[in-house]
Every structure is written in structure tokens, then in C-alpha cells.
>>> print(open('work39.pdb').read())   # PDB, C-alpha atoms
MODEL        1
ATOM      1  CA  MET A   1     -81.041-136.663 -57.198  1.00  0.00           C
ATOM      2  CA  PRO A   2     -83.316-137.328 -54.200  1.00  0.00           C
ATOM      3  CA  ALA A   3     -85.048-134.398 -52.537  1.00  0.00           C
ATOM      4  CA  ILE A   4     -83.062-132.576 -49.831  1.00  0.00           C
ATOM      5  CA  GLU A   5     -84.671-130.922 -46.813  1.00  0.00           C
ATOM      6  CA  THR A   6     -83.867-127.253 -47.355  1.00  0.00           C
ATOM      7  CA  LEU A   7     -85.992-125.400 -44.795  1.00  0.00           C
ATOM      8  CA  LYS A   8     -87.531-126.051 -41.391  1.00  0.00           C
ATOM      9  CA  THR A   9     -89.385-123.159 -39.755  1.00  0.00           C
ATOM     10  CA  ILE A  10     -92.814-121.986 -38.591  1.00  0.00           C
ATOM     11  CA  VAL A  11     -95.360-119.451 -39.787  1.00  0.00           C
ATOM     12  CA  ASN A  12     -94.809-116.350 -37.658  1.00  0.00           C
ATOM     13  CA  THR A  13     -97.768-114.218 -36.610  1.00  0.00           C
ATOM     14  CA  TRP A  14     -96.260-111.170 -38.323  1.00  0.00           C
ATOM     15  CA  GLU A  15     -96.278-113.125 -41.622  1.00  0.00           C
ATOM     16  CA  CYS A  16    -100.077-113.442 -41.504  1.00  0.00           C
ATOM     17  CA  ASP A  17    -102.807-111.219 -42.930  1.00  0.00           C
ATOM     18  CA  GLU A  18    -106.024-110.103 -41.250  1.00  0.00           C
ATOM     19  CA  ASN A  19    -107.556-113.554 -41.915  1.00  0.00           C
ATOM     20  CA  ASP A  20    -104.730-115.268 -39.979  1.00  0.00           C
ATOM     21  CA  HIS A  21    -103.335-116.832 -43.190  1.00  0.00           C
ATOM     22  CA  MET A  22     -99.707-116.567 -44.237  1.00  0.00           C
ATOM     23  CA  ASN A  23     -99.389-113.710 -46.723  1.00  0.00           C
ATOM     24  CA  VAL A  24     -98.316-114.625 -50.271  1.00  0.00           C
ATOM     25  CA  GLN A  25     -95.047-112.668 -50.020  1.00  0.00           C
ATOM     26  CA  PHE A  26     -93.861-114.959 -47.221  1.00  0.00           C
ATOM     27  CA  TYR A  27     -94.436-118.122 -49.271  1.00  0.00           C
ATOM     28  CA  TRP A  28     -92.043-116.538 -51.764  1.00  0.00           C
ATOM     29  CA  SER A  29     -89.610-115.618 -49.011  1.00  0.00           C
ATOM     30  CA  LYS A  30     -89.548-119.164 -47.645  1.00  0.00           C
ATOM     31  CA  PHE A  31     -89.052-120.574 -51.165  1.00  0.00           C
ATOM     32  CA  ALA A  32     -86.159-118.116 -51.679  1.00  0.00           C
ATOM     33  CA  ASP A  33     -84.511-119.388 -48.478  1.00  0.00           C
ATOM     34  CA  ALA A  34     -85.067-123.017 -49.527  1.00  0.00           C
ATOM     35  CA  ASP A  35     -83.599-122.310 -52.980  1.00  0.00           C
ATOM     36  CA  ALA A  36     -80.470-120.668 -51.548  1.00  0.00           C
ATOM     37  CA  HIS A  37     -79.907-123.629 -49.223  1.00  0.00           C
ATOM     38  CA  PHE A  38     -80.510-126.109 -52.058  1.00  0.00           C
ATOM     39  CA  LEU A  39     -78.010-124.439 -54.394  1.00  0.00           C
ATOM     40  CA  HIS A  40     -75.393-124.551 -51.633  1.00  0.00           C
ATOM     41  CA  LEU A  41     -76.099-128.170 -50.637  1.00  0.00           C
ATOM     42  CA  ALA A  42     -76.181-129.342 -54.275  1.00  0.00           C
ATOM     43  CA  GLY A  43     -72.895-127.583 -55.048  1.00  0.00           C
ATOM     44  CA  LEU A  44     -74.402-125.271 -57.655  1.00  0.00           C
ATOM     45  CA  ASP A  45     -72.543-121.951 -57.743  1.00  0.00           C
ATOM     46  CA  PRO A  46     -75.062-119.107 -58.235  1.00  0.00           C
ATOM     47  CA  ALA A  47     -72.375-117.072 -60.045  1.00  0.00           C
ATOM     48  CA  LEU A  48     -71.992-119.821 -62.673  1.00  0.00           C
ATOM     49  CA  LEU A  49     -75.660-120.763 -62.708  1.00  0.00           C
ATOM     50  CA  GLY A  50     -76.828-117.314 -63.736  1.00  0.00           C
ATOM     51  CA  PRO A  51     -79.938-115.497 -62.593  1.00  0.00           C
ATOM     52  CA  ARG A  52     -83.183-117.234 -61.805  1.00  0.00           C
ATOM     53  CA  ARG A  53     -85.435-116.468 -64.773  1.00  0.00           C
ATOM     54  CA  VAL A  54     -88.759-117.645 -63.382  1.00  0.00           C
ATOM     55  CA  ARG A  55     -90.422-118.852 -60.199  1.00  0.00           C
ATOM     56  CA  HIS A  56     -93.827-120.464 -60.656  1.00  0.00           C
ATOM     57  CA  VAL A  57     -95.671-120.980 -57.349  1.00  0.00           C
ATOM     58  CA  ARG A  58     -98.812-123.045 -56.835  1.00  0.00           C
ATOM     59  CA  TYR A  59    -100.737-122.749 -53.580  1.00  0.00           C
ATOM     60  CA  HIS A  60    -102.456-125.907 -52.340  1.00  0.00           C
ATOM     61  CA  ALA A  61    -103.645-124.911 -48.860  1.00  0.00           C
ATOM     62  CA  GLU A  62    -103.651-121.975 -46.448  1.00  0.00           C
ATOM     63  CA  MET A  63    -101.172-121.858 -43.589  1.00  0.00           C
ATOM     64  CA  ARG A  64    -101.899-120.171 -40.273  1.00  0.00           C
ATOM     65  CA  ALA A  65     -99.707-118.681 -37.560  1.00  0.00           C
ATOM     66  CA  GLY A  66     -97.768-121.305 -35.637  1.00  0.00           C
ATOM     67  CA  THR A  67     -97.902-123.907 -38.414  1.00  0.00           C
ATOM     68  CA  PRO A  68     -94.622-125.841 -38.681  1.00  0.00           C
ATOM     69  CA  VAL A  69     -93.200-125.662 -42.215  1.00  0.00           C
ATOM     70  CA  THR A  70     -90.687-127.847 -44.031  1.00  0.00           C
ATOM     71  CA  CYS A  71     -89.416-127.517 -47.581  1.00  0.00           C
ATOM     72  CA  SER A  72     -87.654-130.108 -49.673  1.00  0.00           C
ATOM     73  CA  SER A  73     -85.975-129.377 -52.985  1.00  0.00           C
ATOM     74  CA  THR A  74     -84.567-131.307 -55.933  1.00  0.00           C
ATOM     75  CA  LEU A  75     -83.394-130.874 -59.517  1.00  0.00           C
ATOM     76  CA  CYS A  76     -86.035-131.596 -62.130  1.00  0.00           C
ATOM     77  CA  ALA A  77     -84.445-133.690 -64.887  1.00  0.00           C
ATOM     78  CA  ASP A  78     -87.141-132.952 -67.486  1.00  0.00           C
ATOM     79  CA  GLY A  79     -87.812-129.347 -66.521  1.00  0.00           C
ATOM     80  CA  PRO A  80     -88.650-126.606 -69.011  1.00  0.00           C
ATOM     81  CA  HIS A  81     -85.419-124.677 -68.283  1.00  0.00           C
ATOM     82  CA  PRO A  82     -81.737-125.579 -68.605  1.00  0.00           C
ATOM     83  CA  VAL A  83     -81.736-125.945 -64.800  1.00  0.00           C
ATOM     84  CA  SER A  84     -85.088-126.461 -63.037  1.00  0.00           C
ATOM     85  CA  VAL A  85     -85.437-126.787 -59.275  1.00  0.00           C
ATOM     86  CA  VAL A  86     -88.648-128.037 -57.661  1.00  0.00           C
ATOM     87  CA  HIS A  87     -89.528-127.092 -54.078  1.00  0.00           C
ATOM     88  CA  GLU A  88     -92.310-128.654 -51.987  1.00  0.00           C
ATOM     89  CA  MET A  89     -93.589-126.816 -48.918  1.00  0.00           C
ATOM     90  CA  ARG A  90     -95.297-129.100 -46.416  1.00  0.00           C
ATOM     91  CA  GLU A  91     -96.969-128.748 -43.065  1.00  0.00           C
ATOM     92  CA  GLY A  92     -94.390-130.045 -40.607  1.00  0.00           C
ATOM     93  CA  GLY A  93     -96.688-132.156 -38.447  1.00  0.00           C
ATOM     94  CA  SER A  94     -98.907-133.865 -41.019  1.00  0.00           C
ATOM     95  CA  GLY A  95     -96.720-133.698 -44.123  1.00  0.00           C
ATOM     96  CA  ARG A  96     -99.661-132.152 -46.002  1.00  0.00           C
ATOM     97  CA  LEU A  97     -98.602-130.399 -49.224  1.00  0.00           C
ATOM     98  CA  MET A  98     -99.161-126.641 -48.823  1.00  0.00           C
ATOM     99  CA  ALA A  99     -97.397-125.112 -51.857  1.00  0.00           C
ATOM    100  CA  THR A 100     -94.944-125.924 -54.642  1.00  0.00           C
ATOM    101  CA  ALA A 101     -92.485-123.812 -56.604  1.00  0.00           C
ATOM    102  CA  LEU A 102     -90.590-124.364 -59.830  1.00  0.00           C
ATOM    103  CA  ASP A 103     -87.463-122.226 -60.223  1.00  0.00           C
ATOM    104  CA  GLY A 104     -85.975-121.936 -63.699  1.00  0.00           C
ATOM    105  CA  TYR A 105     -82.387-120.872 -64.352  1.00  0.00           C
ATOM    106  CA  ALA A 106     -81.083-119.777 -67.734  1.00  0.00           C
ATOM    107  CA  THR A 107     -77.784-121.628 -67.944  1.00  0.00           C
ATOM    108  CA  ALA A 108     -76.812-125.178 -67.156  1.00  0.00           C
ATOM    109  CA  PRO A 109     -73.570-125.623 -65.200  1.00  0.00           C
ATOM    110  CA  ALA A 110     -71.061-128.241 -66.231  1.00  0.00           C
ATOM    111  CA  ILE A 111     -71.760-131.241 -64.015  1.00  0.00           C
ATOM    112  CA  ALA A 112     -68.917-133.685 -63.457  1.00  0.00           C
ATOM    113  CA  THR A 113     -69.779-137.288 -64.216  1.00  0.00           C
TER     114      THR A 113
ENDMDL
END
>>> encode(input="work39.pdb", output="C-alpha cells")
Amino acid sequence: MPAIETLKTIVNTWECDENDHMNVQFYWSKFADADAHFLHLAGLDPALLGPRRVRHVRYHAEMRAGTPVTCSSTLCADGPHPVSVVHEMREGGSGRLMATALDGYATAPAIAT
């Protein structure tokens, strides 16, 4: 499955700390929004999928207020969980990788072939 654009937004000033960097909690919030959109667009029913068991986030670069943000998401075929979703957060203008997240779900849904 090719990656799907799942979020397009900006870093708001109220999401930033005293150093003008986006606070860690808002990376998680943006990944949560991207994941919800991905599950809907991919046709994965959260009720059948079960709870997310893990979210592993890796930060690659700081984001400042006003930075455009895009996320793309895809299923990871060889992931460590029955269903693994990978999210990439990029700076909207340059495409520079800012953060990644791996979401792991406990149960694999039946996928029609």
C-alpha cells in the first residue's frame, strides 16, 4: 500500500515551548490525528482492529511556530505487530523529515483479497 497523506496543518504558537519549539505532546497529538485519518481512509475499523498497543516516536528535527506540517501514513508489511502503521511527519515546504511514528495494534483484521 502506498503512503497516504493523512494530515496537513501548521505548528501553532500555543503548541510551542519557551524555546519556540513544538512541545513533544503536540507531535503525539498530530500523529494521533494522522492515525485516525489513516484508519478511516484505509478502511480499517478501529472497533475490529482493537486498541493501539504501542506508539514509538522518533524525533529528527525541531519544529517552530508557523512551520507547515504534513504527515503521510502506510501499513508496514514486516512490522513487529499484527498491524503496524508507519507515519512520517515532514516540513511542508521543504519535505524535510521531522519525526516518525510506528503504531502497533494487537489484532489483525481480516483483509479481503
>>> closest_residue(input="work39.pdb", among="A:Glu15, A:Asp78, A:Glu62, A:Asp20", to="A:Met98", atoms="all atoms listed in the file")
A:Glu62
>>> residues_around(input="work39.pdb", residues="stretch 80-83 of chain A", least_positions_apart="2", cutoff="9 Å", atoms="all atoms listed in the file", output="PyMOL selection string")
chain A and resi 49+53+75-78+85+103-109
>>> closest_residue(input="work39.pdb", among="A:Asn23, A:Ser29, A:Ser84, A:Ser94", to="A:Pro68", atoms="only C-alpha atoms")
A:Ser94
>>> atom_distance(input="work39.pdb", atom1="atom CA of A:Val54", atom2="atom CA of A:Thr13")
28.5 Å
>>> residues_around(input="work39.pdb", residues="A:Ala99", least_positions_apart="5", cutoff="12 Å", atoms="only C-alpha atoms", output="ChimeraX atom specification")
/A:22,24,26-28,30-31,56-63,69-72,86-91
>>> atom_distance(input="work39.pdb", atom1="atom CA of A:Gly66", atom2="atom CA of A:Val11")
5.1 Å
>>> atom_distance(input="work39.pdb", atom1="atom CA of A:Arg96", atom2="atom CA of A:Thr67")
11.3 Å
>>> resolve_selection(input="work39.pdb", expression="the PyMOL selection byres ((chain A and resi 42) around 12)", output="ChimeraX atom specification")
/A:1-6,34-41,43-46,73-75,85,109,111
>>> write_last_selection(input="work39.pdb", atoms="C-alpha atoms", output="tab-separated table (two decimals), keeping the file's coordinate frame")
chain	number	residue	atom	x	y	z
A	1	MET	CA	-81.04	-136.66	-57.20
A	2	PRO	CA	-83.32	-137.33	-54.20
A	3	ALA	CA	-85.05	-134.40	-52.54
A	4	ILE	CA	-83.06	-132.58	-49.83
A	5	GLU	CA	-84.67	-130.92	-46.81
A	6	THR	CA	-83.87	-127.25	-47.36
A	34	ALA	CA	-85.07	-123.02	-49.53
A	35	ASP	CA	-83.60	-122.31	-52.98
A	36	ALA	CA	-80.47	-120.67	-51.55
A	37	HIS	CA	-79.91	-123.63	-49.22
A	38	PHE	CA	-80.51	-126.11	-52.06
A	39	LEU	CA	-78.01	-124.44	-54.39
A	40	HIS	CA	-75.39	-124.55	-51.63
A	41	LEU	CA	-76.10	-128.17	-50.64
A	43	GLY	CA	-72.90	-127.58	-55.05
A	44	LEU	CA	-74.40	-125.27	-57.66
A	45	ASP	CA	-72.54	-121.95	-57.74
A	46	PRO	CA	-75.06	-119.11	-58.24
A	73	SER	CA	-85.98	-129.38	-52.98
A	74	THR	CA	-84.57	-131.31	-55.93
A	75	LEU	CA	-83.39	-130.87	-59.52
A	85	VAL	CA	-85.44	-126.79	-59.28
A	109	PRO	CA	-73.57	-125.62	-65.20
A	111	ILE	CA	-71.76	-131.24	-64.02
>>> closest_residue(input="work39.pdb", among="A:Ala65, A:Leu102, A:Gly79, A:Gly92", to="A:Arg52", atoms="all atoms listed in the file")
A:Leu102
>>> axis_aligned_box(input="work39.pdb", around="stretch 11-21 of chain A", padding_each_side="8 Å", output="AutoDock Vina command-line options")
--center_x -101.2 --center_y -114.8 --center_z -39.9 --size_x 28.7 --size_y 25.3 --size_z 22.6
>>> decode(input="work39.pdb", residues="stretch 12-28 of chain A", atoms="all heavy atoms", output="mmCIF file, in the first residue's frame")
data_model
loop_
_atom_site.group_PDB
_atom_site.id
_atom_site.type_symbol
_atom_site.label_atom_id
_atom_site.label_comp_id
_atom_site.auth_asym_id
_atom_site.auth_seq_id
_atom_site.Cartn_x
_atom_site.Cartn_y
_atom_site.Cartn_z
ATOM 1 N N ASN A 12 1.161 25.677 15.581
ATOM 2 C CA ASN A 12 0.567 26.862 16.189
ATOM 3 C C ASN A 12 1.475 27.397 17.296
ATOM 4 O O ASN A 12 2.194 26.625 17.945
ATOM 5 C CB ASN A 12 -0.807 26.517 16.780
ATOM 6 C CG ASN A 12 -1.783 26.142 15.699
ATOM 7 O OD1 ASN A 12 -2.193 26.981 14.911
ATOM 8 N ND2 ASN A 12 -2.161 24.869 15.658
ATOM 9 N N THR A 13 1.417 28.688 17.531
ATOM 10 C CA THR A 13 2.263 29.283 18.569
ATOM 11 C C THR A 13 1.954 28.698 19.942
ATOM 12 O O THR A 13 2.867 28.503 20.742
ATOM 13 C CB THR A 13 2.095 30.815 18.624
ATOM 14 O OG1 THR A 13 0.716 31.123 18.792
ATOM 15 C CG2 THR A 13 2.626 31.464 17.364
ATOM 16 N N TRP A 14 0.698 28.389 20.213
ATOM 17 C CA TRP A 14 0.339 27.832 21.518
ATOM 18 C C TRP A 14 0.815 26.395 21.703
ATOM 19 O O TRP A 14 0.750 25.850 22.794
ATOM 20 C CB TRP A 14 -1.165 27.957 21.777
ATOM 21 C CG TRP A 14 -2.039 27.363 20.716
ATOM 22 C CD1 TRP A 14 -2.570 28.004 19.631
ATOM 23 C CD2 TRP A 14 -2.490 26.021 20.638
ATOM 24 N NE1 TRP A 14 -3.315 27.129 18.883
ATOM 25 C CE2 TRP A 14 -3.293 25.899 19.490
ATOM 26 C CE3 TRP A 14 -2.304 24.892 21.424
ATOM 27 C CZ2 TRP A 14 -3.889 24.712 19.100
ATOM 28 C CZ3 TRP A 14 -2.909 23.708 21.044
ATOM 29 C CH2 TRP A 14 -3.695 23.630 19.892
ATOM 30 N N GLU A 15 1.316 25.763 20.625
ATOM 31 C CA GLU A 15 1.875 24.410 20.723
ATOM 32 C C GLU A 15 3.373 24.432 21.031
ATOM 33 O O GLU A 15 3.993 23.382 21.140
ATOM 34 C CB GLU A 15 1.646 23.651 19.413
ATOM 35 C CG GLU A 15 0.197 23.408 19.090
ATOM 36 C CD GLU A 15 -0.013 22.787 17.724
ATOM 37 O OE1 GLU A 15 0.659 23.192 16.755
ATOM 38 O OE2 GLU A 15 -0.865 21.887 17.627
ATOM 39 N N CYS A 16 3.944 25.619 21.167
ATOM 40 C CA CYS A 16 5.389 25.757 21.339
ATOM 41 C C CYS A 16 5.771 26.037 22.787
ATOM 42 O O CYS A 16 5.018 26.650 23.540
ATOM 43 C CB CYS A 16 5.923 26.870 20.439
ATOM 44 S SG CYS A 16 5.731 26.475 18.689
ATOM 45 N N ASP A 17 6.976 25.610 23.158
ATOM 46 C CA ASP A 17 7.501 25.854 24.496
ATOM 47 C C ASP A 17 8.239 27.186 24.541
ATOM 48 O O ASP A 17 8.215 27.953 23.571
ATOM 49 C CB ASP A 17 8.405 24.694 24.936
ATOM 50 C CG ASP A 17 9.576 24.454 23.995
ATOM 51 O OD1 ASP A 17 9.976 25.381 23.249
ATOM 52 O OD2 ASP A 17 10.123 23.338 24.005
ATOM 53 N N GLU A 18 8.902 27.456 25.641
ATOM 54 C CA GLU A 18 9.601 28.730 25.813
ATOM 55 C C GLU A 18 10.774 28.912 24.859
ATOM 56 O O GLU A 18 11.280 30.014 24.687
ATOM 57 C CB GLU A 18 10.069 28.890 27.271
ATOM 58 C CG GLU A 18 11.082 27.867 27.727
ATOM 59 C CD GLU A 18 10.463 26.553 28.229
ATOM 60 O OE1 GLU A 18 9.236 26.392 28.226
ATOM 61 O OE2 GLU A 18 11.249 25.665 28.598
ATOM 62 N N ASN A 19 11.230 27.840 24.205
ATOM 63 C CA ASN A 19 12.308 27.927 23.220
ATOM 64 C C ASN A 19 11.782 28.047 21.791
ATOM 65 O O ASN A 19 12.542 27.938 20.838
ATOM 66 C CB ASN A 19 13.229 26.708 23.326
ATOM 67 C CG ASN A 19 13.926 26.649 24.652
ATOM 68 O OD1 ASN A 19 14.445 27.655 25.133
ATOM 69 N ND2 ASN A 19 13.934 25.483 25.280
ATOM 70 N N ASP A 20 10.467 28.228 21.649
ATOM 71 C CA ASP A 20 9.806 28.371 20.355
ATOM 72 C C ASP A 20 9.838 27.079 19.533
ATOM 73 O O ASP A 20 9.773 27.115 18.316
ATOM 74 C CB ASP A 20 10.393 29.546 19.560
ATOM 75 C CG ASP A 20 9.492 29.976 18.410
ATOM 76 O OD1 ASP A 20 8.256 29.879 18.543
ATOM 77 O OD2 ASP A 20 10.022 30.394 17.365
ATOM 78 N N HIS A 21 9.968 25.923 20.203
ATOM 79 C CA HIS A 21 9.910 24.625 19.541
ATOM 80 C C HIS A 21 8.582 23.962 19.869
ATOM 81 O O HIS A 21 8.070 24.116 20.983
ATOM 82 C CB HIS A 21 11.029 23.699 20.028
ATOM 83 C CG HIS A 21 12.393 24.192 19.711
ATOM 84 N ND1 HIS A 21 13.395 24.212 20.641
ATOM 85 C CD2 HIS A 21 12.932 24.691 18.576
ATOM 86 C CE1 HIS A 21 14.496 24.694 20.097
ATOM 87 N NE2 HIS A 21 14.233 24.996 18.844
ATOM 88 N N MET A 22 8.055 23.188 18.925
ATOM 89 C CA MET A 22 6.813 22.476 19.201
ATOM 90 C C MET A 22 7.050 21.504 20.356
ATOM 91 O O MET A 22 8.003 20.728 20.350
ATOM 92 C CB MET A 22 6.312 21.721 17.964
ATOM 93 C CG MET A 22 4.930 21.117 18.175
ATOM 94 S SD MET A 22 4.094 20.593 16.683
ATOM 95 C CE MET A 22 4.982 19.111 16.269
ATOM 96 N N ASN A 23 6.148 21.538 21.334
ATOM 97 C CA ASN A 23 6.234 20.686 22.503
ATOM 98 C C ASN A 23 5.954 19.235 22.110
ATOM 99 O O ASN A 23 5.131 18.972 21.230
ATOM 100 C CB ASN A 23 5.223 21.172 23.547
ATOM 101 C CG ASN A 23 5.390 20.501 24.871
ATOM 102 O OD1 ASN A 23 5.027 19.340 25.026
ATOM 103 N ND2 ASN A 23 5.920 21.236 25.833
ATOM 104 N N VAL A 24 6.608 18.303 22.780
ATOM 105 C CA VAL A 24 6.504 16.878 22.470
ATOM 106 C C VAL A 24 5.053 16.395 22.440
ATOM 107 O O VAL A 24 4.679 15.613 21.567
ATOM 108 C CB VAL A 24 7.323 16.058 23.492
ATOM 109 C CG1 VAL A 24 7.037 14.583 23.369
ATOM 110 C CG2 VAL A 24 8.803 16.324 23.303
ATOM 111 N N GLN A 25 4.210 16.870 23.345
ATOM 112 C CA GLN A 25 2.828 16.393 23.382
ATOM 113 C C GLN A 25 2.079 16.674 22.079
ATOM 114 O O GLN A 25 1.173 15.931 21.700
ATOM 115 C CB GLN A 25 2.080 17.002 24.560
ATOM 116 C CG GLN A 25 1.854 18.494 24.436
ATOM 117 C CD GLN A 25 1.144 19.081 25.634
ATOM 118 O OE1 GLN A 25 0.236 18.461 26.184
ATOM 119 N NE2 GLN A 25 1.559 20.265 26.027
ATOM 120 N N PHE A 26 2.483 17.719 21.361
ATOM 121 C CA PHE A 26 1.774 18.070 20.131
ATOM 122 C C PHE A 26 2.256 17.252 18.933
ATOM 123 O O PHE A 26 1.510 17.083 17.969
ATOM 124 C CB PHE A 26 1.832 19.571 19.892
ATOM 125 C CG PHE A 26 1.105 20.319 20.973
ATOM 126 C CD1 PHE A 26 1.794 21.039 21.924
ATOM 127 C CD2 PHE A 26 -0.274 20.252 21.070
ATOM 128 C CE1 PHE A 26 1.127 21.696 22.952
ATOM 129 C CE2 PHE A 26 -0.960 20.900 22.083
ATOM 130 C CZ PHE A 26 -0.259 21.621 23.029
ATOM 131 N N TYR A 27 3.490 16.722 18.979
ATOM 132 C CA TYR A 27 3.886 15.731 17.985
ATOM 133 C C TYR A 27 2.932 14.535 18.111
ATOM 134 O O TYR A 27 2.412 14.028 17.126
ATOM 135 C CB TYR A 27 5.321 15.248 18.214
ATOM 136 C CG TYR A 27 6.411 16.189 17.768
ATOM 137 C CD1 TYR A 27 6.860 17.211 18.593
ATOM 138 C CD2 TYR A 27 7.017 16.034 16.523
ATOM 139 C CE1 TYR A 27 7.885 18.056 18.193
ATOM 140 C CE2 TYR A 27 8.043 16.871 16.118
ATOM 141 C CZ TYR A 27 8.471 17.883 16.955
ATOM 142 O OH TYR A 27 9.486 18.711 16.558
ATOM 143 N N TRP A 28 2.724 14.102 19.351
ATOM 144 C CA TRP A 28 1.852 12.956 19.603
ATOM 145 C C TRP A 28 0.425 13.250 19.156
ATOM 146 O O TRP A 28 -0.241 12.382 18.582
ATOM 147 C CB TRP A 28 1.893 12.580 21.087
ATOM 148 C CG TRP A 28 3.139 11.835 21.443
ATOM 149 C CD1 TRP A 28 4.409 12.336 21.453
ATOM 150 C CD2 TRP A 28 3.247 10.465 21.789
ATOM 151 N NE1 TRP A 28 5.284 11.351 21.808
ATOM 152 C CE2 TRP A 28 4.604 10.188 22.024
ATOM 153 C CE3 TRP A 28 2.320 9.447 21.946
ATOM 154 C CZ2 TRP A 28 5.062 8.936 22.389
ATOM 155 C CZ3 TRP A 28 2.779 8.193 22.312
ATOM 156 C CH2 TRP A 28 4.138 7.945 22.537
#
